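File shown here: entry_23.csv, holding CSV, C-alpha atoms.
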chain,number,residue,atom,x,y,z
Y,936,MET,CA,0.3,-16.2,-1.8
Y,937,ASN,CA,3.8,-17.2,-3.0
Y,938,ARG,CA,2.4,-17.4,-6.6
Y,939,PRO,CA,5.2,-16.5,-9.0
Y,940,LEU,CA,4.8,-13.5,-11.2
Y,941,ARG,CA,3.5,-14.5,-14.6
Y,942,ARG,CA,5.7,-11.9,-16.4
Y,943,GLN,CA,9.1,-12.6,-14.8
Y,944,ASP,CA,10.7,-10.2,-17.2
Y,945,ARG,CA,8.8,-7.3,-15.6
Y,946,GLN,CA,9.5,-8.2,-12.0
Y,947,LEU,CA,11.2,-5.5,-9.9
Y,948,PRO,CA,13.9,-6.4,-7.4
Y,949,GLU,CA,12.7,-6.3,-3.8
Y,950,ALA,CA,14.7,-3.2,-3.0
Y,951,GLU,CA,13.1,-1.3,-5.9
Y,952,SER,CA,9.6,-2.6,-4.9
Y,953,ARG,CA,10.2,-1.2,-1.3
Y,954,GLU,CA,11.4,2.1,-2.7
Y,955,LEU,CA,8.2,2.4,-4.8
Y,956,LEU,CA,6.1,1.6,-1.8
Y,957,LEU,CA,8.1,4.2,0.3
Y,958,ALA,CA,7.7,6.9,-2.3
Y,959,GLY,CA,4.0,6.4,-3.1
Y,960,THR,CA,1.3,8.7,-1.8
Y,961,GLU,CA,-1.9,6.8,-2.5
Y,962,GLY,CA,-2.5,3.2,-2.0
Y,963,PHE,CA,-5.3,0.8,-2.4
Y,964,LEU,CA,-6.3,-1.5,0.5
Y,965,ALA,CA,-8.3,-4.6,-0.3
Y,966,THR,CA,-10.1,-6.6,2.3
Y,967,VAL,CA,-12.7,-9.4,2.4
Y,968,GLY,CA,-15.9,-9.3,4.5
Y,969,GLU,CA,-17.5,-12.1,6.5
Y,970,GLY,CA,-19.7,-13.1,3.6
Y,971,GLY,CA,-16.7,-13.3,1.2
Y,972,GLU,CA,-17.4,-9.9,-0.5
Y,973,PRO,CA,-14.3,-8.1,-1.6
Y,974,TYR,CA,-13.8,-4.4,-0.7
Y,975,VAL,CA,-11.1,-2.0,-1.9
Y,976,ILE,CA,-10.6,1.6,-0.9
Y,977,ALA,CA,-8.0,4.3,-1.7
Y,978,VAL,CA,-6.0,5.3,1.4
Y,979,ASN,CA,-3.1,7.5,2.5
Y,980,TYR,CA,-0.4,5.5,4.1
Y,981,VAL,CA,3.2,5.5,5.4
Y,982,LEU,CA,5.8,2.8,5.4
Y,983,MET,CA,7.9,2.4,8.5
Y,984,ALA,CA,10.2,-0.5,9.4
Y,985,GLY,CA,8.6,-2.9,6.9
Y,986,THR,CA,5.0,-2.2,8.0
Y,987,ILE,CA,2.4,-0.1,6.2
Y,988,TYR,CA,0.3,2.1,8.4
Y,989,VAL,CA,-3.1,3.5,7.4
Y,990,HIS,CA,-5.2,5.8,9.5
Y,991,SER,CA,-8.9,5.1,9.8
Y,992,ALA,CA,-12.1,5.8,11.8
Y,993,ARG,CA,-12.6,3.3,14.5
Y,994,HIS,CA,-15.6,1.8,12.8
Y,995,GLY,CA,-16.5,1.3,9.1
Y,996,HIS,CA,-16.4,-1.2,6.3
Y,997,LYS,CA,-12.7,-1.9,6.1
Y,998,VAL,CA,-12.4,-2.1,9.9
Y,999,ASP,CA,-15.3,-4.5,10.1
Y,1000,ASN,CA,-13.7,-6.7,7.4
Y,1001,LEU,CA,-10.3,-6.7,9.1
Y,1002,ARG,CA,-11.8,-7.6,12.4
Y,1003,SER,CA,-13.4,-10.7,10.9
Y,1004,ASN,CA,-10.4,-11.5,8.5
Y,1005,PRO,CA,-7.0,-9.9,9.1
Y,1006,LEU,CA,-5.6,-10.8,5.7
Y,1007,ALA,CA,-5.4,-7.9,3.3
Y,1008,CYS,CA,-3.8,-6.8,0.1
Y,1009,PHE,CA,-2.2,-3.4,-0.5
Y,1010,SER,CA,-1.2,-1.9,-3.8
Y,1011,VAL,CA,0.5,1.2,-5.1
Y,1012,VAL,CA,0.8,2.2,-8.8
Y,1013,ALA,CA,3.1,4.9,-10.1
Y,1014,HIS,CA,4.4,6.4,-13.4
Y,1015,VAL,CA,1.4,5.3,-15.5
Y,1016,LYS,CA,1.5,6.7,-19.0
Y,1017,PRO,CA,0.3,5.4,-22.4
Y,1018,GLY,CA,2.9,4.2,-24.9
Y,1019,GLY,CA,1.7,3.2,-28.3
Y,1020,ASN,CA,-0.1,-0.1,-27.9
Y,1021,THR,CA,0.7,-0.5,-24.2
Y,1022,THR,CA,0.8,1.3,-20.9
Y,1023,TYR,CA,4.0,2.0,-19.1
Y,1024,TYR,CA,3.8,1.7,-15.3
Y,1025,GLN,CA,5.4,0.6,-12.0
Y,1026,SER,CA,3.4,-1.1,-9.3
Y,1027,VAL,CA,3.8,-3.0,-6.1
Y,1028,VAL,CA,1.5,-5.5,-4.3
Y,1029,ALA,CA,1.9,-6.4,-0.7
Y,1030,PHE,CA,0.1,-9.4,0.9
Y,1031,CYS,CA,-0.4,-8.5,4.5
Y,1032,ARG,CA,-1.8,-9.4,7.9
Y,1033,ALA,CA,-3.5,-6.5,9.6
Y,1034,ARG,CA,-3.4,-5.4,13.2
Y,1035,LEU,CA,-5.7,-2.8,14.5
Y,1036,LEU,CA,-4.0,-0.2,16.8
Y,1037,GLU,CA,-6.1,2.0,19.1
Y,1038,GLU,CA,-3.4,3.3,21.4
Y,1039,GLY,CA,0.2,2.9,22.4
Y,1040,ASP,CA,3.6,3.9,21.1
Y,1041,GLU,CA,3.3,2.2,17.7
Y,1042,TRP,CA,-0.1,3.9,17.2
Y,1043,GLU,CA,1.2,7.3,18.1
Y,1044,GLN,CA,4.4,7.0,16.1
Y,1045,SER,CA,2.5,6.0,13.0
Y,1046,LEU,CA,0.1,8.9,13.3
Y,1047,VAL,CA,3.0,11.3,13.7
Y,1048,ALA,CA,4.7,9.8,10.6
Y,1049,LEU,CA,1.4,10.1,8.6
Y,1050,GLY,CA,1.1,13.7,9.7
Y,1051,LYS,CA,4.6,14.5,8.6
Y,1052,LYS,CA,4.1,12.8,5.2
Y,1053,TYR,CA,0.7,14.4,4.4
Y,1054,LEU,CA,0.7,17.6,6.5
Y,1055,PRO,CA,4.3,18.8,6.3
Y,1056,HIS,CA,3.4,22.2,7.8
Y,1057,GLY,CA,2.1,20.6,10.9
Y,1058,CYS,CA,-1.1,19.8,12.5
Y,1059,ASP,CA,-2.6,19.0,15.9
Y,1060,PRO,CA,-5.5,16.7,15.1
Y,1061,PRO,CA,-7.6,14.9,17.7
Y,1062,PHE,CA,-5.9,11.5,17.5
Y,1063,SER,CA,-8.2,10.0,20.1
Y,1064,ASN,CA,-10.9,8.9,17.6
Y,1065,THR,CA,-8.4,7.5,15.1
Y,1066,LEU,CA,-7.6,3.9,14.6
Y,1067,VAL,CA,-4.4,2.8,12.8
Y,1068,ILE,CA,-4.3,-0.2,10.6
Y,1069,ALA,CA,-0.8,-1.8,10.8
Y,1070,LEU,CA,-0.3,-4.0,7.7
Y,1071,ASP,CA,2.6,-6.4,8.4
Y,1072,ILE,CA,4.0,-7.4,5.0
Y,1073,ARG,CA,4.1,-11.1,4.4
Y,1074,GLN,CA,5.0,-11.0,0.7
Y,1075,LEU,CA,6.0,-8.1,-1.5
Y,1076,SER,CA,6.3,-8.0,-5.3
Y,1077,GLY,CA,6.8,-5.2,-7.8
Y,1078,LYS,CA,6.3,-5.1,-11.5
Y,1079,ALA,CA,7.2,-2.6,-14.2
Y,1080,ASN,CA,6.6,-2.1,-17.9
Y,1081,ARG,CA,9.1,0.5,-18.9
Y,1082,PRO,CA,9.6,2.2,-22.3
Y,1083,PRO,CA,12.5,1.0,-24.3
Y,1084,SER,CA,15.6,3.0,-23.8
Y,1085,ASN,CA,15.6,3.9,-27.6
Y,1086,PRO,CA,12.0,4.1,-28.9
Y,1087,ALA,CA,13.3,4.3,-32.5
Y,1088,THR,CA,15.0,0.9,-32.4
Y,1089,GLY,CA,13.0,-0.7,-29.5
Y,1090,THR,CA,16.2,-1.5,-27.5

Produce structure tokens that represent the structure in this file.
Amino acid sequence: MNRPLRRQDRQLPEAESRELLLAGTEGFLATVGEGGEPYVIAVNYVLMAGTIYVHSARHGHKVDNLRSNPLACFSVVAHVKPGGNTTYYQSVVAFCRARLLEEGDEWEQSLVALGKKYLPHGCDPPFSNTLVIALDIRQLSGKANRPPSNPATGT
């Protein structure tokens, strides 16, 4: 962690990185298992008060990994499109410490927020079998490769 971005010219300001994280719909959660094996999975998520929340079954690969090692990495990529000899994109990476929530106000509020984000017409799911992974952000960085404002001149 705290490693500086190699391409400083592409670094996004923190506020723009948070906006990208807030607006995203799919994220990638990376964990490491007890034996050191990496694992990454696409997830739905919501950002509330500086914490990323992901719903999950109470058991499974990512949960097992987080129980043995709470450090995780979360990434969102947006606006990817080809551009000549490059790819234009915006992305954000969050280094996090995970907490597993099985009940309580924070657990319930995060599930309600996830429901509003992904099921805007409402739902009444059985939350009792749902675990929430709270990812407390320790470091956040964003990066973008944007097309030049005038492709004819490259400026």

Subject >> 12 Å contact set for Y:Ala1048, all atoms listed in the file, chain neighbours under 4 positions out, as a ChimeraX atom specification >> reply: /Y:979-984,987-990,1041-1044,1052-1055,1057-1058,1067

Subject >> Nearby residues (only C-alpha atoms) at most 9 Å from Y:Val1028, same-chain spacing under 2 positions excluded, as JSON, numbers by chain >> reply: {"Y": [952, 956, 1008, 1009, 1010, 1011, 1012, 1026, 1030, 1074, 1075, 1076, 1077, 1078]}

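Remark: for Y:Ala965, the closest of the candidate residues Y:Gly1050, Y:Ala992, Y:Leu1070, Y:Tyr1024 is Y:Leu1070 (distances computed over all atoms listed in the file).
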
Original post:
At what distance in Å, to one decimal, does atom CA of Y:Ser991 lie from atom CA of Y:Tyr974?
Top reply: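 It comes out at 15.0 Å.
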
**OP:** Select, from Y:Leu1066, Y:Ala1029, Y:Arg953, Y:Glu961, the residue with the minimum atom-to-atom distance to Y:Leu1046, counting all atoms listed in the file.
**Re:**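 Looking at the shortest contact to Y:Leu1046, the residue is Y:Leu1066.
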
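Distances to Y:Glu972 were evaluated for Y:Asn1004, Y:Gln1025, Y:Leu955, Y:Gly1039 using all atoms listed in the file, and the minimum falls at Y:Asn1004.
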
**OP:** For each of Y:Ala1069, Y:Leu947, Y:Leu957, Y:Leu964, take the minimum atom-to-atom distance to Y:Arg1034, counting all atoms listed in the file, then give the residue where this is smallest.
**Re:** Y:Ala1069

**OP:** Can you work out which one of Y:Val1027, Y:Ser1045, Y:Gly962, Y:Gly995 has the shortest atom-to-atom distance to Y:Glu949, counting all atoms listed in the file?
**Re:**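 Nearest to Y:Glu949: Y:Val1027.
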
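Atom CA of Y:Ala950 to atom CA of Y:Val967 spans 28.6 Å [interatomic distance, one decimal].
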
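Counting from atom CA of Y:Arg1002, the distance to atom CA of Y:Arg1073 is 18.1 Å.
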